[in-house]
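So the structure is just underneath, and the comments pick up after that.
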Amino acid sequence: MKRLFPAPWLSLALWLLWLVLNLSVSPGHLLLGAVLGFVAPLMMKPLRPLPIRIRRPGAIVRLFLLVGRDVLVSNLVVAWGVLNAGRRAPRSRFIKVPLDLRDANGLAALSMITTVIPGTVWSELALDRSVLLLHVFDLDDDAQFIQHFKATYERPLMEIFE
């Protein structure tokens with residue numbers, strides 16, 4: 001069964017998405033959506049990553065709350081920095097963050113978190129995954145930022161994925 005439907009939830013979601021996008025439940029759209037839901041996961045099976053093994057699911061909730069808080073706070077800080085740019089120019093620069101996280105799924109999650117937080121941009125990851133180059137909108141203290149980044153995002157992701 002797994003060979004025929006490598007991702008049954010994805011197949012169902014694609015089928016439903018097809019019907020919603022076409023605003024029709026005619027027999028033709030039901031059939032086309034079913035074919036899409038059947039064929040697409042089979043064709044994309046070689047591209048799917050290895051299964052994820054979550055070690056500490058409770059850390060996900062804590063990380064979600066921390067990221068939510070930082071999104072709100074960073075929005076306010078960046079907005080204030082933009083509004084006051086005439087009085088005090090933001091001290092934006094690139095910073096190198098040493099990483100202990102090596103799991104590919106954890107790094108993907110870290111890149112998404114970095115993208116969501118206003119004022120930070122994921123710029124480059126070293127080939128050996130040991131250093132992350134970030135651009136930060138307004139930075140006072142490099143060491144304090146690195147410590148916050150590692151404690152708030154990297155450490156929980158290591159708990160979850162490694």
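So you can find residues: chains in the structure tokens are A, B, ... in the order shown, residues in each start at 1, and ligands are numbered from 1 in order.
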Review point. Mind checking DSSP for segment 1-148 of chain A and telling me the alpha helix (DSSP H) residues as a VMD selection string?
Key: chain A and resid 8 to 22 27 to 44 58 to 83 104 to 116 142 to 148
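Using only C-alpha atoms, the residues found no farther than 9 Å from Asn75 of chain A, other than those of its own chain fewer than 4 positions away, are Asp70, Val71, Ala79, Trp80, Ile117, Pro118 and Gly119 of chain A.
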Check your understanding: Can you list, as a PyMOL selection string, every protein, DNA or RNA residue that comes within 12 Å of Arg62 of chain A when you count only C-alpha atoms, leaving out same-chain residues fewer than 3 positions away?
Key -> chain A and resi 56-59+65-69+152-153+155-157+159-160
Review point. Can you list every residue in segment 49-151 of chain A that DSSP puts in strand (DSSP E), as a list in words?
Key: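 Of segment 49-151 of chain A, only Arg93, Phe94, Ile95, Lys96, Val97, Pro98, Thr120, Val121, Trp122, Ser123, Glu124, Leu125, Val131, Leu132, Leu133, Leu134, His135 and Val136 of chain A fall in strand (DSSP E).
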Create the file for the chosen residues now, containing C-alpha atoms and written as a compact mmCIF listing (two decimals), in the first residue's frame.
```txt
# COMPACT_ATOMS: atom_id res chain seq x y z
CA ARG A 93 25.78 44.18 9.42
CA PHE A 94 26.63 40.59 8.71
CA ILE A 95 27.38 38.30 11.60
CA LYS A 96 28.81 34.79 11.69
CA VAL A 97 26.99 32.43 14.04
CA PRO A 98 28.79 29.17 14.91
CA THR A 120 17.28 38.93 10.16
CA VAL A 121 18.17 37.37 6.82
CA TRP A 122 19.75 33.94 6.35
CA SER A 123 22.60 34.74 3.96
CA GLU A 124 24.88 31.72 3.75
CA LEU A 125 25.59 28.39 5.39
CA VAL A 131 28.86 28.58 10.50
CA LEU A 132 25.81 30.57 9.50
CA LEU A 133 26.15 34.02 7.98
CA LEU A 134 23.22 36.26 8.97
CA HIS A 135 22.42 39.82 8.09
CA VAL A 136 20.92 41.68 11.03
```
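Rounded to one decimal, atom CA of Phe64 of chain A and atom CA of Ile113 of chain A lie 9.6 Å from each other.
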Exercise for review: Just the residues within 8 Å of Phe161 of chain A, please, counting only C-alpha atoms, with nothing from its chain fewer than 4 positions along; format it as a VMD selection string.
Suggested key: chain A and resid 52 to 56 103 105 to 106 157
Would you save the residues from that selection as an mmCIF file, in the first residue's frame, using N, CA and C atoms?
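Output below, filename result_35.cif:
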```cif
data_model
loop_
_atom_site.group_PDB
_atom_site.id
_atom_site.type_symbol
_atom_site.label_atom_id
_atom_site.label_comp_id
_atom_site.auth_asym_id
_atom_site.auth_seq_id
_atom_site.Cartn_x
_atom_site.Cartn_y
_atom_site.Cartn_z
ATOM 1 N N ILE A 52 11.312 12.065 9.436
ATOM 2 C CA ILE A 52 11.776 12.856 10.574
ATOM 3 C C ILE A 52 11.453 12.100 11.859
ATOM 4 N N ARG A 53 12.411 12.066 12.751
ATOM 5 C CA ARG A 53 12.171 11.476 14.066
ATOM 6 C C ARG A 53 12.271 12.596 15.085
ATOM 7 N N ILE A 54 11.139 12.954 15.654
ATOM 8 C CA ILE A 54 11.090 14.037 16.632
ATOM 9 C C ILE A 54 11.387 13.457 18.007
ATOM 10 N N ARG A 55 12.403 13.976 18.634
ATOM 11 C CA ARG A 55 12.853 13.443 19.922
ATOM 12 C C ARG A 55 12.048 13.985 21.108
ATOM 13 N N ARG A 56 11.783 15.294 21.113
ATOM 14 C CA ARG A 56 11.067 15.902 22.240
ATOM 15 C C ARG A 56 9.954 16.790 21.698
ATOM 16 N N ASP A 103 21.575 18.513 11.841
ATOM 17 C CA ASP A 103 20.470 17.811 11.193
ATOM 18 C C ASP A 103 19.885 18.671 10.071
ATOM 19 N N ASN A 105 16.942 18.612 8.617
ATOM 20 C CA ASN A 105 15.596 19.095 8.899
ATOM 21 C C ASN A 105 15.619 20.224 9.920
ATOM 22 N N GLY A 106 16.488 20.113 10.909
ATOM 23 C CA GLY A 106 16.631 21.175 11.890
ATOM 24 C C GLY A 106 17.164 22.454 11.267
ATOM 25 N N LEU A 157 15.804 23.389 18.625
ATOM 26 C CA LEU A 157 15.792 22.567 17.416
ATOM 27 C C LEU A 157 16.679 21.334 17.584
#
```
Exercise for review: Can you pull out every residue within 10 Å of Leu32 of chain A, counting only C-alpha atoms, but drop anything in the same chain fewer than 6 positions away, and send it as a list in words?
Suggested key: Trp15, Trp18, Leu19, Ser26 and Phe38 of chain A
Store the residues picked out above, limited to C-alpha atoms, as a short mmCIF file (atom, residue, chain, number, x, y, z; two decimals), in the first residue's frame.
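The resulting selection-v1.cif:
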```
data_model
loop_
_atom_site.label_atom_id
_atom_site.label_comp_id
_atom_site.auth_asym_id
_atom_site.auth_seq_id
_atom_site.Cartn_x
_atom_site.Cartn_y
_atom_site.Cartn_z
CA TRP A 15 -7.31 15.96 -4.49
CA TRP A 18 -7.92 20.46 -6.98
CA LEU A 19 -11.63 20.47 -6.19
CA SER A 26 -18.26 17.25 -11.29
CA PHE A 38 -2.28 9.58 -7.10
#
```
Practice item. Can you work out which one of A:Val78, A:Leu139, A:Val61, A:Met158 has the shortest atom-to-atom distance to Leu101 of chain A, counting only C-alpha atoms? Key: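 Among A:Val78, A:Leu139, A:Val61, A:Met158, it is A:Met158 that comes nearest to Leu101 of chain A.
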Check your understanding: Which residue gives the smallest distance to Arg3 of chain A among A:Met43, A:Arg91, A:Pro49, A:Asp140, with only C-alpha atoms counted?
Key -> A:Met43
Review point. Atom CA of Ala109 of chain A and atom CA of Leu4 of chain A are how many Å apart?
Key: 29.2 Å
